[in-house]
$ cat data.tsv   # TSV, C-alpha atoms
chain	number	residue	atom	x	y	z
A	135	MET	CA	11.16	25.12	-27.03
A	136	ALA	CA	11.13	24.65	-23.25
A	137	GLU	CA	14.28	25.03	-21.18
A	138	PRO	CA	16.11	21.70	-20.76
A	139	ILE	CA	15.52	19.80	-17.52
A	140	ARG	CA	18.29	17.95	-15.71
A	141	VAL	CA	17.57	14.28	-15.11
A	142	LEU	CA	19.90	12.03	-13.14
A	143	VAL	CA	20.03	8.25	-13.46
A	144	THR	CA	22.29	6.43	-10.98
A	145	GLY	CA	23.62	2.94	-11.61
A	146	ALA	CA	23.74	4.27	-15.16
A	147	ALA	CA	26.11	1.59	-16.48
A	148	GLY	CA	23.76	-1.18	-15.28
A	149	GLN	CA	21.18	-3.20	-17.16
A	150	ILE	CA	18.03	-1.39	-15.97
A	151	ALA	CA	19.54	1.93	-17.05
A	152	TYR	CA	20.46	0.42	-20.42
A	153	SER	CA	16.76	-0.30	-21.01
A	154	LEU	CA	15.68	3.05	-19.52
A	155	LEU	CA	17.90	5.78	-20.95
A	156	TYR	CA	16.66	5.60	-24.54
A	157	SER	CA	13.02	6.05	-23.47
A	158	ILE	CA	13.88	9.08	-21.34
A	159	ALA	CA	16.11	10.63	-24.01
A	160	LYS	CA	13.54	10.29	-26.76
A	161	GLY	CA	10.74	11.98	-24.83
A	162	ASP	CA	8.58	9.09	-23.61
A	163	VAL	CA	8.73	10.24	-19.98
A	164	PHE	CA	8.95	14.02	-19.70
A	165	GLY	CA	7.21	14.92	-22.94
A	166	LYS	CA	7.87	15.19	-26.65
A	167	ASP	CA	8.78	18.89	-26.48
A	168	GLN	CA	10.94	18.78	-23.33
A	169	PRO	CA	14.70	18.94	-23.98
A	170	ILE	CA	16.80	16.94	-21.53
A	171	ILE	CA	20.25	17.06	-20.00
A	172	LEU	CA	20.94	13.50	-18.93
A	173	VAL	CA	23.31	13.02	-16.02
A	174	LEU	CA	24.69	9.50	-15.63
A	175	LEU	CA	26.23	8.56	-12.28
A	176	ASP	CA	28.00	5.33	-11.46
A	177	ILE	CA	30.91	4.09	-9.39
A	178	THR	CA	34.44	4.79	-10.65
A	179	PRO	CA	35.20	1.25	-11.96
A	180	MET	CA	32.12	1.52	-14.23
A	181	LEU	CA	33.22	4.75	-15.98
A	182	PRO	CA	34.67	2.97	-19.06
A	183	VAL	CA	31.33	1.14	-19.53
A	184	LEU	CA	29.52	4.44	-19.04
A	185	ASP	CA	31.54	5.94	-21.89
A	186	GLY	CA	30.10	3.24	-24.14
A	187	VAL	CA	26.57	4.11	-23.02
A	188	VAL	CA	27.26	7.79	-23.79
A	189	MET	CA	28.49	6.85	-27.28
A	190	GLU	CA	25.32	4.89	-27.93
A	191	LEU	CA	23.09	7.73	-26.73
A	192	GLN	CA	24.97	10.10	-29.07
A	193	ASP	CA	24.55	7.58	-31.89
A	194	CYS	CA	20.77	7.54	-31.39
A	195	ALA	CA	20.77	11.16	-32.70
A	196	LEU	CA	17.86	12.15	-30.46
A	197	PRO	CA	16.72	15.76	-30.95
A	198	LEU	CA	15.59	16.26	-27.33
A	199	LEU	CA	18.87	15.09	-25.82
A	200	ARG	CA	20.90	18.28	-25.35
A	201	GLU	CA	23.76	16.91	-23.29
A	202	VAL	CA	24.94	13.71	-21.62
A	203	ILE	CA	27.15	14.01	-18.55
A	204	PRO	CA	28.82	10.81	-17.29
A	205	THR	CA	30.31	11.12	-13.80
A	206	ASP	CA	31.37	9.34	-10.62
A	207	LYS	CA	31.15	12.53	-8.52
A	208	VAL	CA	28.03	13.38	-6.50
A	209	GLU	CA	28.64	17.12	-6.74
A	210	VAL	CA	28.40	16.83	-10.53
A	211	GLY	CA	25.67	14.20	-10.54
A	212	PHE	CA	23.22	15.92	-8.20
A	213	LYS	CA	23.67	19.55	-9.27
A	214	ASP	CA	20.47	21.51	-10.09
A	215	LEU	CA	18.39	18.39	-10.70
A	216	ASP	CA	14.74	18.45	-11.76
A	217	ALA	CA	14.40	14.66	-11.47
A	218	ALA	CA	16.53	11.93	-9.90
A	219	ILE	CA	16.04	8.24	-10.65
A	220	LEU	CA	18.13	6.31	-8.14
A	221	VAL	CA	18.60	2.87	-9.66
A	222	GLY	CA	22.04	2.01	-8.32
A	223	SER	CA	22.23	0.07	-5.06
A	224	MET	CA	24.21	-2.72	-3.46
A	225	PRO	CA	22.75	-6.03	-4.68
A	226	ARG	CA	22.40	-8.91	-2.28
A	227	LYS	CA	25.31	-11.30	-2.62
A	228	GLU	CA	25.18	-14.97	-1.77
A	229	GLY	CA	25.45	-15.63	1.93
A	230	MET	CA	24.77	-11.99	2.76
A	231	GLU	CA	22.57	-11.28	5.76
A	232	ARG	CA	19.65	-8.93	5.13
A	233	LYS	CA	21.06	-6.71	7.87
A	234	ASP	CA	24.40	-6.38	6.04
A	235	LEU	CA	22.57	-5.51	2.83
A	236	LEU	CA	20.60	-2.82	4.68
A	237	LYS	CA	23.77	-1.41	6.20
A	238	ALA	CA	25.51	-1.12	2.84
A	239	ASN	CA	22.50	0.56	1.26
A	240	VAL	CA	21.94	2.96	4.15
A	241	ALA	CA	25.46	4.25	3.49
A	242	ILE	CA	24.73	4.72	-0.23
A	243	PHE	CA	21.34	6.39	0.18
A	244	LYS	CA	22.47	8.58	3.06
A	245	THR	CA	25.24	9.92	0.80
A	246	GLN	CA	22.81	10.43	-2.08
A	247	GLY	CA	20.22	12.09	0.18
A	248	GLU	CA	22.89	14.47	1.48
A	249	ALA	CA	23.92	15.22	-2.10
A	250	LEU	CA	20.30	15.98	-3.04
A	251	GLU	CA	20.10	18.29	-0.03
A	252	LYS	CA	23.28	20.10	-0.96
A	253	TYR	CA	23.16	20.31	-4.77
A	254	ALA	CA	19.70	19.57	-6.23
A	255	LYS	CA	16.73	21.90	-6.69
A	256	LYS	CA	14.31	21.81	-3.76
A	257	THR	CA	11.58	20.93	-6.26
A	258	VAL	CA	13.41	17.79	-7.43
A	259	LYS	CA	11.28	14.66	-7.83
A	260	VAL	CA	13.16	11.62	-6.56
A	261	LEU	CA	12.30	8.04	-7.52
A	262	VAL	CA	14.15	5.26	-5.70
A	263	VAL	CA	14.41	1.96	-7.56
A	264	GLY	CA	17.44	0.29	-5.95
A	265	ASN	CA	16.43	-2.33	-3.38
A	266	PRO	CA	15.35	-2.44	-0.61
A	267	ALA	CA	13.59	0.45	-2.38
A	268	ASN	CA	11.12	1.55	0.31
A	269	THR	CA	13.69	1.80	3.07
A	270	ASN	CA	16.38	3.24	0.79
A	271	CYS	CA	13.87	5.92	-0.18
A	272	LEU	CA	13.10	6.69	3.47
A	273	ILE	CA	16.81	7.02	4.29
A	274	ALA	CA	17.40	9.32	1.31
A	275	SER	CA	14.49	11.54	2.34
A	276	LYS	CA	15.65	11.70	5.97
A	277	SER	CA	19.08	12.75	4.70
A	278	ALA	CA	17.58	15.62	2.67
A	279	PRO	CA	15.42	17.40	5.26
A	280	SER	CA	14.85	20.58	3.24
A	281	ILE	CA	13.34	18.69	0.29
A	282	PRO	CA	9.67	17.91	0.95
A	283	LYS	CA	9.00	14.25	1.89
A	284	GLU	CA	6.28	14.26	-0.77
A	285	ASN	CA	8.97	14.67	-3.45
A	286	PHE	CA	10.30	11.18	-2.71
A	287	SER	CA	8.71	7.98	-3.95
A	288	CYS	CA	9.83	4.42	-4.57
A	289	LEU	CA	8.97	2.05	-7.37
A	290	THR	CA	6.10	-0.40	-6.91
A	291	ARG	CA	4.76	0.28	-10.40
A	292	LEU	CA	6.47	-2.85	-11.68
A	293	ASP	CA	4.44	-4.88	-9.18
A	294	HIS	CA	1.33	-2.89	-10.17
A	295	ASN	CA	1.93	-3.65	-13.85
A	296	ARG	CA	2.53	-7.32	-13.04
A	297	ALA	CA	-0.76	-7.52	-11.16
A	298	ARG	CA	-2.63	-5.75	-13.93
A	299	SER	CA	-1.19	-8.06	-16.56
A	300	GLN	CA	-1.93	-11.24	-14.57
A	301	VAL	CA	-5.60	-10.26	-14.24
A	302	ALA	CA	-5.79	-9.29	-17.92
A	303	MET	CA	-4.29	-12.62	-19.05
A	304	ARG	CA	-6.60	-14.55	-16.75
A	305	VAL	CA	-9.70	-12.81	-18.12
A	306	GLY	CA	-8.47	-12.71	-21.73
A	307	VAL	CA	-8.45	-8.94	-22.22
A	308	SER	CA	-5.69	-6.42	-22.96
A	309	SER	CA	-3.94	-4.96	-19.93
A	310	ASP	CA	-5.43	-1.49	-20.52
A	311	SER	CA	-8.85	-3.05	-19.89
A	312	VAL	CA	-7.82	-3.59	-16.25
A	313	LYS	CA	-7.50	-0.62	-13.93
A	314	ASN	CA	-7.23	0.23	-10.24
A	315	VAL	CA	-5.36	-2.79	-8.97
A	316	ILE	CA	-3.38	-1.86	-5.84
A	317	ILE	CA	0.00	-2.81	-4.46
A	318	TRP	CA	0.09	-2.22	-0.70
A	319	GLY	CA	3.28	-2.03	1.33
A	320	ASN	CA	6.82	-3.10	0.65
A	321	HIS	CA	8.44	-3.87	-2.69
A	322	SER	CA	9.31	-7.32	-1.38
A	323	SER	CA	7.67	-10.73	-1.19
A	324	THR	CA	5.37	-9.43	1.58
A	325	GLN	CA	3.72	-6.87	-0.74
A	326	TYR	CA	-0.04	-7.24	-1.06
A	327	PRO	CA	-1.44	-7.13	-4.62
A	328	ASP	CA	-5.13	-6.27	-4.11
A	329	VAL	CA	-7.88	-6.65	-6.70
A	330	HIS	CA	-10.85	-5.84	-4.43
A	331	HIS	CA	-11.29	-2.41	-6.03
A	332	ALA	CA	-10.09	-3.25	-9.55
A	333	ILE	CA	-12.31	-2.69	-12.57
A	334	VAL	CA	-12.17	-4.81	-15.70
A	335	ASN	CA	-13.68	-3.83	-19.04
A	336	LEU	CA	-15.05	-7.08	-20.42
A	337	HIS	CA	-16.80	-6.94	-23.83
A	338	GLY	CA	-17.42	-3.21	-23.38
A	339	LYS	CA	-18.92	-3.61	-19.93
A	340	GLU	CA	-17.17	-2.50	-16.74
A	341	MET	CA	-17.27	-4.96	-13.87
A	342	SER	CA	-15.36	-5.63	-10.68
A	343	GLY	CA	-12.11	-7.57	-10.86
A	344	PHE	CA	-13.53	-10.37	-8.71
A	345	ASP	CA	-16.61	-10.74	-10.97
A	346	ALA	CA	-14.53	-10.66	-14.16
A	347	VAL	CA	-12.01	-13.23	-12.94
A	348	ASN	CA	-14.71	-15.29	-11.23
A	349	ASP	CA	-12.20	-17.37	-9.28
A	350	GLU	CA	-11.78	-16.15	-5.72
A	351	SER	CA	-9.37	-18.89	-4.69
A	352	TRP	CA	-6.97	-17.88	-7.51
A	353	LEU	CA	-7.24	-14.18	-6.63
A	354	LYS	CA	-6.54	-14.88	-2.95
A	355	GLY	CA	-3.90	-17.52	-3.65
A	356	ASP	CA	-1.79	-18.08	-6.78
A	357	PHE	CA	-2.38	-14.58	-8.13
A	358	ILE	CA	-0.88	-13.00	-5.02
A	359	THR	CA	2.12	-15.33	-4.82
A	360	THR	CA	2.81	-14.99	-8.56
A	361	VAL	CA	3.03	-11.21	-8.30
A	362	GLN	CA	4.98	-11.33	-5.03
A	363	GLN	CA	7.56	-13.74	-6.44
A	364	ARG	CA	7.70	-12.59	-10.05
A	365	GLY	CA	11.09	-10.90	-9.66
A	366	ALA	CA	12.62	-14.13	-8.36
A	367	ALA	CA	10.98	-16.09	-11.21
A	368	VAL	CA	12.56	-13.77	-13.80
A	369	ILE	CA	15.99	-14.14	-12.17
A	370	LYS	CA	15.61	-17.93	-12.15
A	371	ALA	CA	14.74	-17.93	-15.86
A	372	ARG	CA	17.10	-15.24	-17.19
A	373	LYS	CA	19.86	-15.48	-14.58
A	374	LEU	CA	19.49	-11.68	-14.50
A	375	SER	CA	16.99	-9.46	-12.72
A	376	SER	CA	14.07	-7.72	-14.45
A	377	ALA	CA	15.39	-4.89	-16.61
A	378	MET	CA	13.05	-4.23	-19.55
A	379	SER	CA	9.95	-4.41	-17.35
A	380	ALA	CA	11.60	-2.40	-14.56
A	381	ALA	CA	12.59	0.32	-17.03
A	382	LYS	CA	9.05	0.43	-18.43
A	383	ALA	CA	7.65	0.76	-14.88
A	384	ILE	CA	10.08	3.59	-14.09
A	385	CYS	CA	8.90	5.42	-17.23
A	386	ASP	CA	5.24	4.90	-16.26
A	387	HIS	CA	5.89	6.14	-12.70
A	388	MET	CA	7.80	9.29	-13.69
A	389	ARG	CA	5.45	10.14	-16.56
A	390	ASP	CA	2.48	9.96	-14.18
A	391	ILE	CA	4.27	12.26	-11.71
A	392	TRP	CA	4.98	14.72	-14.52
A	393	PHE	CA	1.61	14.60	-16.31
A	394	GLY	CA	-0.83	13.17	-13.76
A	395	THR	CA	-3.03	10.08	-13.66
A	396	PRO	CA	-6.13	9.69	-15.87
A	397	ASP	CA	-9.48	10.67	-14.30
A	398	GLY	CA	-10.90	7.93	-12.13
A	399	GLU	CA	-7.70	5.91	-12.22
A	400	TRP	CA	-5.05	5.39	-9.61
A	401	VAL	CA	-1.60	3.86	-9.64
A	402	SER	CA	0.58	2.31	-6.94
A	403	MET	CA	3.71	3.97	-5.62
A	404	GLY	CA	5.68	3.90	-2.40
A	405	VAL	CA	5.11	7.24	-0.66
A	406	TYR	CA	5.47	8.74	2.80
A	407	SER	CA	2.89	7.15	5.10
A	408	THR	CA	2.52	9.81	7.79
A	409	GLY	CA	-1.08	10.96	8.07
A	410	ASN	CA	-2.58	8.15	5.95
A	411	SER	CA	-6.14	6.98	6.58
A	412	TYR	CA	-5.50	3.23	6.38
A	413	GLY	CA	-3.92	2.64	9.78
A	414	VAL	CA	-0.46	2.16	8.30
A	415	PRO	CA	2.25	3.23	10.78
A	416	ASN	CA	3.72	6.71	10.27
A	417	ASP	CA	7.22	7.43	8.96
A	418	LEU	CA	7.42	4.66	6.37
A	419	MET	CA	7.65	4.63	2.59
A	420	TYR	CA	4.66	2.38	1.95
A	421	SER	CA	2.96	1.61	-1.35
A	422	PHE	CA	-0.55	3.06	-1.60
A	423	PRO	CA	-3.02	3.73	-4.39
A	424	VAL	CA	-2.43	7.34	-5.44
A	425	MET	CA	-3.87	9.86	-7.85
A	426	ILE	CA	-1.57	12.56	-9.20
A	427	LYS	CA	-2.35	16.10	-10.34
A	428	ASN	CA	0.01	19.07	-10.84
A	429	LYS	CA	2.99	16.83	-9.95
A	430	THR	CA	1.46	16.17	-6.52
A	431	TRP	CA	0.25	12.75	-5.37
A	432	LYS	CA	-2.63	12.10	-3.04
A	433	VAL	CA	-3.47	8.75	-1.45
A	434	VAL	CA	-6.89	7.50	-2.55
A	435	ASP	CA	-8.93	7.53	0.65
A	436	GLY	CA	-12.10	5.75	1.65
A	437	LEU	CA	-11.54	2.33	0.06
A	438	SER	CA	-13.12	-0.42	2.13
A	439	ILE	CA	-10.63	-2.88	3.61
A	440	ASN	CA	-11.85	-6.35	4.58
A	441	ASP	CA	-10.21	-8.62	7.15
A	442	PHE	CA	-8.26	-10.55	4.50
A	443	SER	CA	-6.74	-7.32	3.14
A	444	ARG	CA	-6.12	-5.91	6.62
A	445	GLY	CA	-4.00	-8.91	7.59
A	446	LYS	CA	-1.90	-8.64	4.44
A	447	MET	CA	-1.49	-4.85	4.76
A	448	ASP	CA	-0.40	-5.20	8.39
A	449	ALA	CA	2.11	-7.96	7.62
A	450	THR	CA	3.93	-5.91	4.98
A	451	ALA	CA	3.83	-2.83	7.28
A	452	ALA	CA	5.45	-4.87	10.06
A	453	GLU	CA	8.30	-5.82	7.73
A	454	LEU	CA	8.80	-2.16	6.78
A	455	VAL	CA	8.82	-1.05	10.44
A	456	ASP	CA	11.46	-3.69	11.14
A	457	GLU	CA	13.55	-2.60	8.11
A	458	ARG	CA	13.26	1.06	9.06
A	459	ASP	CA	14.21	0.49	12.70
A	460	THR	CA	17.26	-1.53	11.67
A	461	ALA	CA	18.26	1.01	9.00
A	462	VAL	CA	17.93	3.99	11.33
A	463	THR	CA	20.44	2.43	13.73
A	464	PHE	CA	22.99	2.56	10.88
A	465	LEU	CA	22.27	6.22	10.06
A	466	GLY	CA	24.46	7.54	12.84
A	467	ALA	CA	27.18	4.98	12.14

$ encode --input "data.tsv" --output "structure tokens"
Amino acid sequence: MAEPIRVLVTGAAGQIAYSLLYSIAKGDVFGKDQPIILVLLDITPMLPVLDGVVMELQDCALPLLREVIPTDKVEVGFKDLDAAILVGSMPRKEGMERKDLLKANVAIFKTQGEALEKYAKKTVKVLVVGNPANTNCLIASKSAPSIPKENFSCLTRLDHNRARSQVAMRVGVSSDSVKNVIIWGNHSSTQYPDVHHAIVNLHGKEMSGFDAVNDESWLKGDFITTVQQRGAAVIKARKLSSAMSAAKAICDHMRDIWFGTPDGEWVSMGVYSTGNSYGVPNDLMYSFPVMIKNKTWKVVDGLSINDFSRGKMDATAAELVDERDTAVTFLGA
């Protein structure tokens, strides 16, 4: 049996974590023969709830789960980590300015970045889920300078899965018959879901996404807005934010980092933009199509970008530059 790995989930008493922890503990993410020490971090008032989560994990009687450590202390939470899934963040409250939300989250992710720097393994893989995810991820990475920037990523896999599923439903195929959709940019309503390079397997024949859907106005209109605004639509319907689908996307994202992407397929994740070939400004966490091998991602280069796509990619980049520049002013505060 392999040595156990230490996996941290923050915001561990919250509803995304509640949908996520079972999948991690039973081996769906890091492998069926990989024992796990699960570290659960949340704020002090949530510790009683966290105790209930620990009881339930114990009651699942999962053979891979070697230990569960609930804590409100960063020095416990971030110690010797192999993987960190940072779900907890300050949610936007009614009447809250975006700037105030950024300020609150900069404080959280600066602290967590510093804790990664001080306590975690330098090989730790860090996934930021808490919103604004891209900028939170950038702040965490800047606060942990000795951990490679490449080890940080933020979640746009939920958007990727939403896009894939929308195309599949439109064409009338299963979602695994659709591959290579792309989410460009920010995990916000400016993100650009792009089907120009997607491939759909229709009746055993591979064709382009545009040919399979055969409705350009939908692909350039309602499809994009549906994916961009899906999170808000779920909140409106459930009065709660996406949890089951977010947890599934987190599992997909981390499993692909651990085991790689299938040949000829890419996935979307927010990664460090410096040195990219698509004219995206440097020093952002921006969602690109990536392929992953040996736990290392690489942006898929050489995809043709038409004027329509360029405009959308630039708009979401501009929002990220603005977020970053505002957030960085709070770093010294």

$ closest_residue --input "data.tsv" --among "A:Cys194, A:Ile281, A:Leu437, A:Val262" --to "Asn314 in chain A" --atoms "only C-alpha atoms"
A:Leu437

$ closest_residue --input "data.tsv" --among "A:Asn416, A:Ser280, A:Ala366, A:Ser311" --to "Lys339 in chain A" --atoms "all atoms listed in the file"
A:Ser311

$ closest_residue --input "data.tsv" --among "A:Thr450, A:Gln192, A:Ser411, A:Ser322" --to "Val433 in chain A" --atoms "all atoms listed in the file"
A:Ser411

$ residues_around --input "data.tsv" --residues "Phe164 in chain A" --least-positions-apart "2" --cutoff "12 Å" --atoms "only C-alpha atoms" --output "PDB file with C-alpha atoms, keeping the file's coordinate frame"
ATOM      1  CA  ALA A 136      11.130  24.650 -23.250  1.00  0.00           C
ATOM      2  CA  PRO A 138      16.110  21.700 -20.760  1.00  0.00           C
ATOM      3  CA  ILE A 139      15.520  19.800 -17.520  1.00  0.00           C
ATOM      4  CA  ARG A 140      18.290  17.950 -15.710  1.00  0.00           C
ATOM      5  CA  VAL A 141      17.570  14.280 -15.110  1.00  0.00           C
ATOM      6  CA  SER A 157      13.020   6.050 -23.470  1.00  0.00           C
ATOM      7  CA  ILE A 158      13.880   9.080 -21.340  1.00  0.00           C
ATOM      8  CA  ALA A 159      16.110  10.630 -24.010  1.00  0.00           C
ATOM      9  CA  LYS A 160      13.540  10.290 -26.760  1.00  0.00           C
ATOM     10  CA  GLY A 161      10.740  11.980 -24.830  1.00  0.00           C
ATOM     11  CA  ASP A 162       8.580   9.090 -23.610  1.00  0.00           C
ATOM     12  CA  LYS A 166       7.870  15.190 -26.650  1.00  0.00           C
ATOM     13  CA  ASP A 167       8.780  18.890 -26.480  1.00  0.00           C
ATOM     14  CA  GLN A 168      10.940  18.780 -23.330  1.00  0.00           C
ATOM     15  CA  PRO A 169      14.700  18.940 -23.980  1.00  0.00           C
ATOM     16  CA  ILE A 170      16.800  16.940 -21.530  1.00  0.00           C
ATOM     17  CA  ILE A 171      20.250  17.060 -20.000  1.00  0.00           C
ATOM     18  CA  LEU A 198      15.590  16.260 -27.330  1.00  0.00           C
ATOM     19  CA  LEU A 199      18.870  15.090 -25.820  1.00  0.00           C
ATOM     20  CA  ASP A 216      14.740  18.450 -11.760  1.00  0.00           C
ATOM     21  CA  ALA A 217      14.400  14.660 -11.470  1.00  0.00           C
ATOM     22  CA  ILE A 384      10.080   3.590 -14.090  1.00  0.00           C
ATOM     23  CA  CYS A 385       8.900   5.420 -17.230  1.00  0.00           C
ATOM     24  CA  ASP A 386       5.240   4.900 -16.260  1.00  0.00           C
ATOM     25  CA  HIS A 387       5.890   6.140 -12.700  1.00  0.00           C
ATOM     26  CA  MET A 388       7.800   9.290 -13.690  1.00  0.00           C
ATOM     27  CA  ARG A 389       5.450  10.140 -16.560  1.00  0.00           C
ATOM     28  CA  ASP A 390       2.480   9.960 -14.180  1.00  0.00           C
ATOM     29  CA  ILE A 391       4.270  12.260 -11.710  1.00  0.00           C
ATOM     30  CA  TRP A 392       4.980  14.720 -14.520  1.00  0.00           C
ATOM     31  CA  PHE A 393       1.610  14.600 -16.310  1.00  0.00           C
ATOM     32  CA  GLY A 394      -0.830  13.170 -13.760  1.00  0.00           C
ATOM     33  CA  LYS A 429       2.990  16.830  -9.950  1.00  0.00           C
TER      34      LYS A 429
END

$ residues_around --input "data.tsv" --residues "His330 in chain A" --least-positions-apart "5" --cutoff "8 Å" --atoms "all atoms listed in the file" --output "PyMOL selection string"
chain A and resi 315+342-344

$ atom_distance --input "data.tsv" --atom1 "CA of Leu174 in chain A" --atom2 "CA of Val210 in chain A"
9.7 Å

$ closest_residue --input "data.tsv" --among "A:Gly264, A:Lys244, A:His331, A:Arg298" --to "Ala278 in chain A" --atoms "all atoms listed in the file"
A:Lys244

$ atom_distance --input "data.tsv" --atom1 "CA of Ser376 in chain A" --atom2 "CA of Asn239 in chain A"
19.7 Å

$ closest_residue --input "data.tsv" --among "A:Pro197, A:Glu209, A:Asn268, A:Lys432" --to "Gly409 in chain A" --atoms "all atoms listed in the file"
A:Lys432

$ closest_residue --input "data.tsv" --among "A:Phe357, A:Phe243, A:Trp400, A:Phe464" --to "Val221 in chain A" --atoms "only C-alpha atoms"
A:Phe243

$ residues_near_point --input "data.tsv" --point "(14.7, 18.9, -4.1)" --cutoff "8 Å" --atoms "all atoms listed in the file" --output "list in words"
Leu215, Asp216, Leu250, Glu251, Ala254, Lys255, Lys256, Thr257, Val258, Lys259, Val260, Ser280, Ile281, Pro282 and Asn285 of chain A
